Amino acid sequence: MPKNPFACSECHLILADGIDQCSRCPSAPVSSDWSGYVVVLDPKRSEIATKLNIPLPGNYALKVSIR
Ligand SMILES: [Zn+2]
């Protein structure tokens with residue numbers, strides 16, 4: 001079973017395989033316990049990106065749980 005990649009608890013960015021630290025917020029905890037996969041292409045025009053405070057395009061998790 002493939003392992004879930006980590007997602008940043010701060011900006012919700014889904015990190016690349018084997019990466020366990022967000023490059024945008026290095027002090028924020030990451031978690032593999034997340035749900036809701038969102039691809040943001042144009043944050044300024046995306047309602048969900050505005051809601052999640054996403055400034056840059058990328059793949060994001062809707063919900064990140066920190067254990
Ligand atoms: Zn981050």
# chains A, B, ... in the order shown; residues from 1 in each chain; ligands from 1
$ residues_near_ligand --ligand "ligand 1" --cutoff "9 Å" --atoms "only C-alpha atoms and all ligand atoms" --output "list in words"
Ala7, Cys8, Ser9, Glu10, Cys11, His12, Leu13, Ile14, Leu15, Gln21, Cys22, Ser23, Arg24, Cys25, Pro26, Ser27, Ala28, Pro29 and Val30 of chain A
$ select_by_dssp --residues "chain A" --states "strand (DSSP E or B)" --output "ChimeraX atom specification"
/A:7-8,13-14,30-31,34-40,58-64
$ write_last_selection --atoms "N, CA and C atoms" --output "short mmCIF file (atom, residue, chain, number, x, y, z; two decimals), in the first residue's frame"
data_model
loop_
_atom_site.label_atom_id
_atom_site.label_comp_id
_atom_site.auth_asym_id
_atom_site.auth_seq_id
_atom_site.Cartn_x
_atom_site.Cartn_y
_atom_site.Cartn_z
N ALA A 7 1.20 16.51 4.20
CA ALA A 7 0.63 17.80 3.87
C ALA A 7 1.00 18.78 4.98
N CYS A 8 1.23 20.01 4.60
CA CYS A 8 1.61 21.05 5.56
C CYS A 8 0.37 21.52 6.32
N LEU A 13 -0.40 22.67 1.73
CA LEU A 13 0.25 22.15 0.53
C LEU A 13 0.59 20.67 0.70
N ILE A 14 0.28 19.89 -0.32
CA ILE A 14 0.65 18.48 -0.30
C ILE A 14 2.09 18.36 -0.80
N VAL A 30 3.94 18.86 9.72
CA VAL A 30 3.31 18.22 8.57
C VAL A 30 2.60 16.96 9.05
N SER A 31 1.66 16.47 8.27
CA SER A 31 0.90 15.29 8.66
C SER A 31 0.51 14.48 7.43
N TRP A 34 -4.51 13.55 6.22
CA TRP A 34 -5.24 14.68 5.63
C TRP A 34 -6.31 14.13 4.69
N SER A 35 -7.24 14.98 4.34
CA SER A 35 -8.29 14.54 3.43
C SER A 35 -8.71 15.67 2.51
N GLY A 36 -9.24 15.32 1.37
CA GLY A 36 -9.73 16.30 0.42
C GLY A 36 -8.61 16.82 -0.45
N TYR A 37 -8.53 16.34 -1.66
CA TYR A 37 -7.45 16.72 -2.56
C TYR A 37 -7.94 17.85 -3.47
N VAL A 38 -7.24 18.96 -3.45
CA VAL A 38 -7.65 20.11 -4.25
C VAL A 38 -6.49 20.59 -5.11
N VAL A 39 -6.73 20.74 -6.40
CA VAL A 39 -5.72 21.31 -7.28
C VAL A 39 -6.08 22.76 -7.54
N VAL A 40 -5.20 23.66 -7.12
CA VAL A 40 -5.44 25.09 -7.32
C VAL A 40 -4.56 25.59 -8.46
N GLY A 58 -0.97 25.01 -6.78
CA GLY A 58 -0.39 23.76 -6.32
C GLY A 58 -1.46 22.76 -5.93
N ASN A 59 -1.03 21.64 -5.35
CA ASN A 59 -1.96 20.62 -4.86
C ASN A 59 -2.10 20.75 -3.35
N TYR A 60 -3.34 20.83 -2.90
CA TYR A 60 -3.57 21.10 -1.50
C TYR A 60 -4.54 20.09 -0.89
N ALA A 61 -4.42 19.93 0.43
CA ALA A 61 -5.38 19.12 1.17
C ALA A 61 -6.39 20.05 1.81
N LEU A 62 -7.65 19.63 1.78
CA LEU A 62 -8.71 20.44 2.38
C LEU A 62 -8.57 20.48 3.89
N LYS A 63 -8.28 19.31 4.47
CA LYS A 63 -8.23 19.19 5.91
C LYS A 63 -6.96 18.46 6.30
N VAL A 64 -6.19 19.04 7.20
CA VAL A 64 -4.96 18.41 7.70
C VAL A 64 -5.10 18.20 9.20
#
$ select_by_dssp --residues "chain A" --states "helix (DSSP H, G or I)" --output "list in words"
Pro43, Lys44, Arg45, Glu47, Ile48, Ala49, Thr50, Lys51 and Leu52 of chain A
$ residues_around --residues "Ile54 (chain A)" --least-positions-apart "4" --cutoff "8 Å" --atoms "only C-alpha atoms" --output "list in words"
Cys11, Pro43, Ala49 and Thr50 of chain A
$ residues_around --residues "Lys3 (chain A)" --least-positions-apart "3" --cutoff "10 Å" --atoms "only C-alpha atoms" --output "list in words"
Phe6, Asp17, Gly18 and Ser32 of chain A
$ write_last_selection --atoms "C-alpha atoms" --output "tab-separated table (two decimals), in the first residue's frame"
chain	number	residue	atom	x	y	z
A	6	PHE	CA	2.67	14.64	3.91
A	17	ASP	CA	7.13	11.98	-1.98
A	18	GLY	CA	9.78	11.69	0.71
A	32	SER	CA	0.07	12.31	6.49
$ atom_distance --atom1 "CA of Lys51 (chain A)" --atom2 "CA of Ile66 (chain A)"
19.8 Å
